[in-house]
$ cat final.cif   # mmCIF, C-alpha atoms (C1' of nucleotides)
data_structure
#
loop_
_atom_site.label_atom_id
_atom_site.label_comp_id
_atom_site.auth_asym_id
_atom_site.auth_seq_id
_atom_site.Cartn_x
_atom_site.Cartn_y
_atom_site.Cartn_z
CA MET T 1 0.00 0.00 0.00
CA PRO T 2 2.22 2.81 -1.23
CA LYS T 3 0.75 5.98 0.14
CA THR T 4 3.64 8.27 0.83
CA HIS T 5 1.77 11.54 0.84
CA PRO T 6 -0.89 12.92 3.12
CA THR T 7 -4.16 13.02 1.23
CA SER T 8 -4.85 16.35 2.84
CA GLU T 9 -2.00 18.06 0.99
CA PRO T 10 -3.20 19.81 -2.14
CA LEU T 11 -1.88 18.47 -5.40
CA SER T 12 -0.21 21.79 -6.17
CA LYS T 13 1.99 21.46 -3.08
CA GLN T 14 2.90 17.93 -4.04
CA ARG T 15 3.88 19.10 -7.49
CA LEU T 16 5.95 21.89 -6.00
CA ARG T 17 7.76 19.44 -3.74
CA LEU T 18 8.37 17.10 -6.62
CA TRP T 19 9.86 19.95 -8.61
CA LEU T 20 12.24 20.79 -5.80
CA ARG T 21 13.40 17.18 -5.59
CA PHE T 22 13.72 17.08 -9.33
CA LEU T 23 15.88 20.19 -9.29
CA LYS T 24 17.99 18.86 -6.50
CA ALA T 25 18.77 15.61 -8.28
CA GLN T 26 19.45 17.42 -11.51
CA SER T 27 21.70 20.07 -10.04
CA SER T 28 23.77 17.71 -7.97
CA ILE T 29 24.46 15.54 -11.00
CA GLU T 30 25.20 18.56 -13.14
CA ALA T 31 27.46 20.12 -10.52
CA GLU T 32 29.46 16.91 -10.35
CA ILE T 33 29.80 16.79 -14.12
CA ARG T 34 30.95 20.41 -14.22
CA ARG T 35 33.47 19.69 -11.50
CA ARG T 36 34.91 16.70 -13.30
CA LEU T 37 35.02 18.48 -16.64
CA ARG T 38 36.92 21.25 -14.94
CA ASP T 39 39.25 19.23 -12.76
CA GLN T 40 39.99 16.36 -15.09
CA TYR T 41 39.80 18.07 -18.47
CA GLY T 42 40.01 21.82 -17.92
CA SER T 43 36.73 22.20 -19.76
CA THR T 44 33.16 23.29 -19.11
CA LEU T 45 29.65 22.12 -19.85
CA PRO T 46 28.82 24.90 -22.34
CA ARG T 47 31.95 24.06 -24.28
CA PHE T 48 31.04 20.39 -24.18
CA ASP T 49 27.55 21.14 -25.43
CA VAL T 50 28.82 23.17 -28.35
CA MET T 51 31.43 20.59 -29.25
CA SER T 52 28.78 17.93 -29.05
CA ALA T 53 26.61 19.77 -31.55
CA LEU T 54 29.58 20.33 -33.86
CA ALA T 55 30.57 16.67 -33.64
CA ARG T 56 27.16 15.66 -34.96
CA PHE T 57 27.63 17.85 -38.04
CA PRO T 58 31.08 17.33 -39.51
CA ASP T 59 30.27 19.70 -42.36
CA GLY T 60 29.94 22.52 -39.89
CA LEU T 61 27.18 24.58 -38.39
CA LYS T 62 26.36 28.25 -38.68
CA MET T 63 26.37 30.23 -35.46
CA SER T 64 22.60 30.55 -35.57
CA GLU T 65 22.24 26.80 -36.10
CA ILE T 66 24.26 26.13 -32.97
CA SER T 67 22.20 28.52 -30.90
CA GLY T 68 19.03 27.00 -32.31
CA LEU T 69 20.08 23.47 -31.48
CA LEU T 70 21.20 24.32 -27.98
CA LYS T 71 18.41 26.80 -27.39
CA VAL T 72 20.73 29.54 -26.20
CA SER T 73 21.20 33.06 -27.46
CA ASN T 74 23.37 34.02 -30.41
CA GLY T 75 25.63 36.21 -28.35
CA ASN T 76 26.24 33.34 -26.01
CA VAL T 77 27.47 31.10 -28.81
CA THR T 78 29.78 33.84 -30.07
CA GLY T 79 31.68 33.80 -26.80
CA ILE T 80 31.91 30.05 -26.47
CA VAL T 81 33.06 29.56 -30.04
CA ASP T 82 35.60 32.37 -29.58
CA ARG T 83 37.16 30.53 -26.66
CA LEU T 84 37.00 27.16 -28.40
CA THR T 85 38.76 28.76 -31.36
CA GLN T 86 41.43 30.33 -29.18
CA ASP T 87 42.13 26.89 -27.79
CA GLY T 88 42.44 25.41 -31.25
CA LEU T 89 39.42 23.16 -30.88
CA ALA T 90 37.14 24.85 -33.38
CA LEU T 91 37.47 27.11 -36.38
CA ARG T 92 35.28 29.39 -38.46
CA VAL T 93 35.22 28.90 -42.20
CA ALA T 94 33.60 31.21 -44.73
CA VAL T 95 30.36 30.25 -46.43
CA PRO T 96 30.83 30.60 -50.21
CA GLY T 97 27.66 32.42 -51.15
CA ASP T 98 27.11 34.48 -48.02
CA ARG T 99 29.62 36.78 -46.45
CA ARG T 100 27.50 37.32 -43.34
CA ALA T 101 27.56 33.74 -42.15
CA GLN T 102 30.35 31.43 -41.16
CA LEU T 103 30.47 27.70 -40.63
CA VAL T 104 31.97 26.50 -37.40
CA ARG T 105 33.78 23.18 -37.40
CA LEU T 106 35.75 21.13 -34.94
CA THR T 107 39.44 20.94 -35.72
CA PRO T 108 41.06 17.49 -35.58
CA ALA T 109 42.23 18.44 -32.10
CA GLY T 110 38.67 19.36 -31.26
CA GLN T 111 37.38 16.06 -32.58
CA SER T 112 39.71 13.98 -30.51
CA ALA T 113 39.20 16.15 -27.44
CA PHE T 114 35.47 15.72 -27.80
CA ALA T 115 35.74 11.97 -28.28
CA GLU T 116 37.56 11.76 -24.98
CA LEU T 117 35.10 14.02 -23.19
CA ALA T 118 32.08 12.21 -24.58
CA GLN T 119 33.35 8.86 -23.43
CA ALA T 120 34.02 10.17 -19.93
CA HIS T 121 30.65 11.92 -19.86
CA GLU T 122 28.78 8.76 -20.73
CA ALA T 123 30.69 6.77 -18.13
CA TRP T 124 30.00 9.39 -15.45
CA LEU T 125 26.29 9.31 -16.13
CA ASP T 126 26.33 5.55 -16.17
CA GLU T 127 27.88 5.72 -12.74
CA MET T 128 25.59 8.41 -11.37
CA LEU T 129 22.40 6.90 -12.73
CA GLY T 130 23.60 3.41 -11.88
CA GLY T 131 20.70 2.96 -9.51
CA LEU T 132 18.32 2.77 -12.45
CA GLY T 133 17.78 -0.52 -14.23
CA PRO T 134 16.02 -1.01 -17.59
CA ASP T 135 12.51 -1.01 -16.15
CA GLU T 136 13.10 2.12 -14.13
CA LEU T 137 14.64 3.85 -17.12
CA ASP T 138 11.53 3.07 -19.11
CA GLY T 139 9.22 4.29 -16.38
CA PHE T 140 11.24 7.43 -15.90
CA GLY T 141 11.29 8.12 -19.58
CA GLU T 142 7.54 7.83 -19.84
CA LEU T 143 7.04 10.25 -16.99
CA LEU T 144 9.38 12.72 -18.64
CA ASP T 145 7.51 12.33 -21.90
CA GLY T 146 4.29 13.09 -20.07
CA VAL T 147 5.78 16.27 -18.72
CA SER T 148 7.29 17.40 -22.01
CA GLU T 149 4.08 16.61 -23.83
CA HIS T 150 2.03 18.63 -21.41
CA LEU T 151 4.48 21.48 -21.89
CA GLY T 152 3.80 21.41 -25.60
CA GLU T 153 7.46 21.08 -26.53
CA GLY T 154 8.57 19.88 -29.92
CA GLY T 155 11.60 17.64 -30.28
CA ASP T 156 14.83 19.00 -31.70
CA MET J 157 4.12 -5.02 -23.61
CA PRO J 158 6.04 -1.77 -23.15
CA LYS J 159 9.37 -2.35 -24.74
CA THR J 160 10.50 1.07 -25.86
CA HIS J 161 14.20 0.39 -26.15
CA PRO J 162 16.22 -1.93 -28.32
CA THR J 163 17.65 -4.65 -26.12
CA SER J 164 20.85 -4.35 -28.07
CA GLU J 165 21.55 -0.86 -26.76
CA PRO J 166 23.91 -0.84 -23.79
CA LEU J 167 22.50 0.36 -20.52
CA SER J 168 25.01 3.23 -20.41
CA LYS J 169 23.58 4.67 -23.63
CA GLN J 170 20.06 4.38 -22.26
CA ARG J 171 21.10 6.19 -19.13
CA LEU J 172 22.73 8.91 -21.20
CA ARG J 173 19.60 9.35 -23.27
CA LEU J 174 17.48 9.49 -20.15
CA TRP J 175 19.73 12.20 -18.76
CA LEU J 176 19.33 14.26 -21.89
CA ARG J 177 15.56 14.00 -21.68
CA PHE J 178 15.69 14.80 -18.00
CA LEU J 179 17.74 17.91 -18.72
CA LYS J 180 15.45 18.96 -21.49
CA ALA J 181 12.32 18.77 -19.35
CA GLN J 182 14.07 20.51 -16.50
CA SER J 183 15.50 23.33 -18.54
CA SER J 184 12.34 24.07 -20.45
CA ILE J 185 10.38 24.37 -17.21
CA GLU J 186 13.09 26.46 -15.63
CA ALA J 187 13.37 28.72 -18.66
CA GLU J 188 9.66 29.36 -18.55
CA ILE J 189 9.79 30.18 -14.84
CA ARG J 190 12.69 32.58 -15.40
CA ARG J 191 10.79 34.23 -18.22
CA ARG J 192 7.67 34.72 -16.13
CA LEU J 193 9.60 35.97 -13.12
CA ARG J 194 11.25 38.48 -15.36
CA ASP J 195 8.29 39.57 -17.46
CA GLN J 196 5.61 39.53 -14.79
CA TYR J 197 7.58 40.48 -11.71
CA GLY J 198 10.89 41.96 -12.82
CA SER J 199 12.68 39.35 -10.75
CA THR J 200 14.98 36.37 -11.21
CA LEU J 201 15.33 32.82 -9.97
CA PRO J 202 18.45 33.46 -7.87
CA ARG J 203 16.68 36.31 -6.12
CA PHE J 204 13.64 34.12 -5.58
CA ASP J 205 15.80 31.36 -4.12
CA VAL J 206 17.48 33.71 -1.67
CA MET J 207 14.20 35.29 -0.66
CA SER J 208 12.75 31.84 -0.19
CA ALA J 209 15.52 30.90 2.21
CA LEU J 210 15.13 34.17 4.10
CA ALA J 211 11.37 33.70 4.31
CA ARG J 212 11.88 30.40 6.10
CA PHE J 213 14.02 32.07 8.77
CA PRO J 214 12.37 35.28 9.95
CA ASP J 215 15.14 35.82 12.49
CA GLY J 216 17.61 36.18 9.68
CA LEU J 217 20.40 34.18 8.14
CA LYS J 218 24.11 34.79 7.96
CA MET J 219 25.62 35.06 4.50
CA SER J 220 27.36 31.73 4.93
CA GLU J 221 24.10 30.11 6.02
CA ILE J 222 22.41 31.27 2.86
CA SER J 223 25.19 29.95 0.67
CA GLY J 224 25.13 26.68 2.61
CA LEU J 225 21.40 26.24 2.20
CA LEU J 226 21.40 27.07 -1.48
CA LYS J 227 24.71 25.33 -2.16
CA VAL J 228 26.18 28.29 -3.95
CA SER J 229 29.38 30.19 -3.29
CA ASN J 230 29.75 32.95 -0.74
CA GLY J 231 30.71 35.55 -3.29
CA ASN J 232 27.60 34.73 -5.25
CA VAL J 233 25.36 35.43 -2.27
CA THR J 234 27.12 38.74 -1.66
CA GLY J 235 26.03 40.02 -5.04
CA ILE J 236 22.45 38.79 -4.84
CA VAL J 237 21.91 40.20 -1.35
CA ASP J 238 23.48 43.47 -2.46
CA ARG J 239 20.91 43.82 -5.21
CA LEU J 240 18.04 42.70 -3.00
CA THR J 241 19.13 45.32 -0.49
CA GLN J 242 19.34 48.04 -3.11
CA ASP J 243 15.77 47.21 -4.05
CA GLY J 244 14.64 47.48 -0.46
CA LEU J 245 13.67 43.82 -0.22
CA ALA J 246 16.36 42.69 2.24
CA LEU J 247 18.61 44.28 4.81
CA ARG J 248 21.74 43.40 6.73
CA VAL J 249 21.68 43.72 10.50
CA ALA J 250 24.66 43.45 12.82
CA VAL J 251 25.17 40.35 14.90
CA PRO J 252 25.67 41.45 18.53
CA GLY J 253 28.66 39.34 19.48
CA ASP J 254 30.44 39.10 16.15
CA ARG J 255 31.47 42.03 14.01
CA ARG J 256 32.49 39.80 11.13
CA ALA J 257 29.04 38.42 10.45
CA GLN J 258 25.75 40.00 9.56
CA LEU J 259 22.23 38.69 9.59
CA VAL J 260 20.24 39.15 6.43
CA ARG J 261 16.49 39.59 6.75
CA LEU J 262 13.61 40.28 4.44
CA THR J 263 12.11 43.72 4.88
CA PRO J 264 8.32 43.93 5.09
CA ALA J 265 8.37 44.83 1.41
CA GLY J 266 10.52 41.77 0.81
CA GLN J 267 8.10 39.57 2.70
CA SER J 268 5.10 40.65 0.74
CA ALA J 269 6.97 40.54 -2.55
CA PHE J 270 8.04 37.00 -1.75
CA ALA J 271 4.54 35.94 -0.76
CA GLU J 272 3.31 37.06 -4.14
CA LEU J 273 6.15 35.37 -6.01
CA ALA J 274 5.78 32.14 -4.08
CA GLN J 275 2.11 31.90 -4.84
CA ALA J 276 2.70 32.50 -8.54
CA HIS J 277 5.59 30.04 -8.54
CA GLU J 278 3.47 27.28 -7.05
CA ALA J 279 0.67 27.94 -9.49
CA TRP J 280 3.06 27.87 -12.45
CA LEU J 281 4.46 24.52 -11.42
CA ASP J 282 1.01 23.20 -10.82
CA GLU J 283 0.22 24.18 -14.35
CA MET J 284 3.44 22.87 -15.90
CA LEU J 285 3.38 19.57 -14.02
CA GLY J 286 -0.35 19.30 -14.47
CA GLY J 287 0.10 16.12 -16.45
CA LEU J 288 1.13 14.28 -13.30
CA GLY J 289 -1.52 12.86 -10.99
CA PRO J 290 -0.97 11.55 -7.45
CA ASP J 291 0.22 8.12 -8.51
CA GLU J 292 2.65 9.50 -11.03
CA LEU J 293 3.95 11.99 -8.49
CA ASP J 294 4.64 9.13 -6.11
CA GLY J 295 6.33 7.05 -8.75
CA PHE J 296 8.42 9.97 -9.90
CA GLY J 297 9.42 10.83 -6.36
CA GLU J 298 10.60 7.32 -5.70
CA LEU J 299 12.73 7.30 -8.81
CA LEU J 300 14.28 10.61 -7.80
CA ASP J 301 14.96 9.25 -4.36
CA GLY J 302 16.67 6.27 -5.92
CA VAL J 303 18.93 8.60 -7.88
CA SER J 304 19.71 10.90 -4.97
CA GLU J 305 20.36 7.93 -2.71
CA HIS J 306 22.75 6.41 -5.18
CA LEU J 307 24.50 9.76 -5.36
CA GLY J 308 25.06 9.67 -1.62
CA GLU J 309 23.46 13.03 -1.04
CA GLY J 310 22.28 14.14 2.36
CA GLY J 311 19.11 16.16 2.75
CA ASP J 312 19.26 19.87 3.53
"C1'" DT U 313 19.04 51.46 -59.08
"C1'" DC U 314 18.52 51.70 -54.84
"C1'" DA U 315 15.93 52.25 -50.63
"C1'" DA U 316 13.58 49.48 -47.40
"C1'" DT U 317 13.74 45.41 -45.16
"C1'" DC U 318 15.42 41.21 -43.64
"C1'" DT U 319 19.13 38.03 -42.00
"C1'" DA U 320 23.49 36.64 -39.62
"C1'" DT U 321 26.40 37.85 -36.40
"C1'" DT U 322 28.73 40.55 -32.92
"C1'" DT U 323 28.81 43.90 -29.27
"C1'" DC U 324 27.12 45.73 -25.00
"C1'" DA U 325 25.32 46.10 -20.29
"C1'" DA U 326 23.76 43.65 -16.57
"C1'" DG U 327 23.36 39.73 -13.66
"C1'" DC U 328 24.78 35.10 -12.15
"C1'" DA U 329 28.35 31.70 -10.88
"C1'" DT U 330 32.78 29.92 -9.50
"C1'" DA U 331 37.49 29.54 -7.21
"C1'" DA U 332 41.03 31.97 -5.27
"C1'" DA U 333 42.92 35.87 -2.89
"C1'" DA U 334 42.34 39.52 0.32
"C1'" DT U 335 40.32 41.73 4.46
"C1'" DT U 336 38.54 42.05 8.85
"C1'" DT U 337 37.40 40.09 13.04
"C1'" DC U 338 37.35 36.42 16.45
"C1'" DT U 339 39.63 32.68 19.19
"C1'" DT U 340 43.19 30.07 21.15
"C1'" DG U 341 47.34 28.97 23.41
"C1'" DC U 342 50.82 30.57 25.63
"C1'" DG Z 343 48.80 40.67 26.14
"C1'" DC Z 344 49.68 38.89 21.92
"C1'" DA Z 345 50.98 36.01 18.00
"C1'" DA Z 346 49.10 32.31 15.18
"C1'" DG Z 347 45.44 30.44 13.21
"C1'" DA Z 348 40.54 30.10 12.11
"C1'" DA Z 349 36.20 32.09 10.54
"C1'" DA Z 350 32.94 35.38 7.96
"C1'" DT Z 351 32.73 38.06 4.36
"C1'" DT Z 352 34.09 40.69 0.29
"C1'" DT Z 353 36.83 41.35 -3.76
"C1'" DT Z 354 38.82 39.87 -8.06
"C1'" DA Z 355 39.31 37.50 -12.40
"C1'" DT Z 356 37.06 34.71 -15.57
"C1'" DG Z 357 33.34 32.62 -17.90
"C1'" DC Z 358 28.33 31.88 -18.95
"C1'" DT Z 359 23.82 33.91 -20.06
"C1'" DT Z 360 20.38 37.04 -21.61
"C1'" DG Z 361 17.95 40.80 -24.27
"C1'" DA Z 362 18.76 44.72 -26.80
"C1'" DA Z 363 21.41 47.52 -29.82
"C1'" DA Z 364 24.72 47.76 -33.45
"C1'" DT Z 365 26.99 46.20 -37.71
"C1'" DA Z 366 27.43 44.14 -42.06
"C1'" DG Z 367 25.70 41.85 -45.82
"C1'" DA Z 368 21.77 39.96 -48.69
"C1'" DT Z 369 17.13 40.46 -50.86
"C1'" DT Z 370 13.23 42.48 -52.71
"C1'" DG Z 371 10.22 45.58 -54.85
"C1'" DA Z 372 9.20 49.79 -57.02
#
$ encode --input "final.cif" --output "structure tokens"
Amino acid sequence: MPKTHPTSEPLSKQRLRLWLRFLKAQSSIEAEIRRRLRDQYGSTLPRFDVMSALARFPDGLKMSEISGLLKVSNGNVTGIVDRLTQDGLALRVAVPGDRRAQLVRLTPAGQSAFAELAQAHEAWLDEMLGGLGPDELDGFGELLDGVSEHLGEGGD
Amino acid sequence: MPKTHPTSEPLSKQRLRLWLRFLKAQSSIEAEIRRRLRDQYGSTLPRFDVMSALARFPDGLKMSEISGLLKVSNGNVTGIVDRLTQDGLALRVAVPGDRRAQLVRLTPAGQSAFAELAQAHEAWLDEMLGGLGPDELDGFGELLDGVSEHLGEGGD
DNA sequence: TCAATCTATTTCAAGCATAAAATTTCTTGC
DNA sequence: GCAAGAAATTTTATGCTTGAAATAGATTGA
């Protein structure tokens, strides 16, 4: 008889409490990932996210495509790509027919750096979400779908 | 027969994909909350979090207590409390026996501003998590507990 | 043509976040 | 009393993030 909540508590309070737990789990995992990226690789999550997008499109992405994929502002991407470029991990190449736009690509150094980061990232999550077996992953996924659906979000 | 994943896919990849969905749901909800706080109340999430902590302790909190509760850095809290103070929502009062520390309290204006924000915040979440009924809330909560437990996190 | 408009990107100002260094004030041990 | 260390906070440097303004280049329609 799983009844872990007082029936007297309004549903809105229960949803609020769930959100706070949700946030707590999320931010502790994310904080740990940021810490490891920093300590073990001298990198950051925003950089990882941009590299991840670039890795999926070897032909390059325009600045606006990156910001669209990651759902962040244009100005934000400018800064991150600047720093990636300074570090030799990305480069901007001209688009033939359009002098406004540029394609951003990972350099070979960027590709191998990302491969290393991605492998570590997957292993970290495997470790941190290790408490979840196949059935729980399915159940969790369905709940998340329910939320996203209700939010009226489209996929990428 | 819910079998939404290929059995061939390694568990680590499933966990990674779950994390990405988790992040997506979380960040779209959070982005919407930030947007509404900004557009409807001219406020921000960090301010709301600090005010929320202060509201729970009417006798005041030391700077280090705030940063401990919210798990953010000391320097971060300095800036947020500075701005809250400039806006007349919080104030620093001296601690009798210790000239190093100060207690931060909500002003009456801060209290009523927070009450309004908190009510809106709860209603927003109720709306955004409206797809989840009591049973789903319980199931979700247990999954989150499983994650947090595996992470070895203590409660606040 | 060429002016109006649209598109792609960068720049700017402000706030948030961190870790590390600096400052000020207590506390402790002699 | 006082020097050494600990504690509370602020400051600093750097990076991330946004929305809004600015810049530069393309497109379109009279």
$ resolve_selection --input "final.cif" --expression "the PyMOL selection byres ((chain J) within 12 of (chain U))" --output "VMD selection string"
chain J and resid 199 to 203 227 to 236 238 to 239 253 to 257
$ atom_distance --input "final.cif" --atom1 "atom CA of Gly224 of chain J" --atom2 "atom CA of Ala209 of chain J"
10.5 Å
$ closest_residue --input "final.cif" --among "J:Glu165, J:Asp282, J:Glu298, J:Glu186" --to "chain T" --atoms "only C-alpha atoms"
J:Asp282
$ interface_residues --input "final.cif" --of "chain J" --to "chain T" --cutoff "9 Å" --atoms "all atoms listed in the file" --output "ChimeraX atom specification"
/J:158-161,167-172,174-175,177-182,184-185,277-279,281-297,299-307,309
$ atom_distance --input "final.cif" --atom1 "atom CA of Ile189 of chain J" --atom2 "atom CA of Leu226 of chain J"
18.0 Å
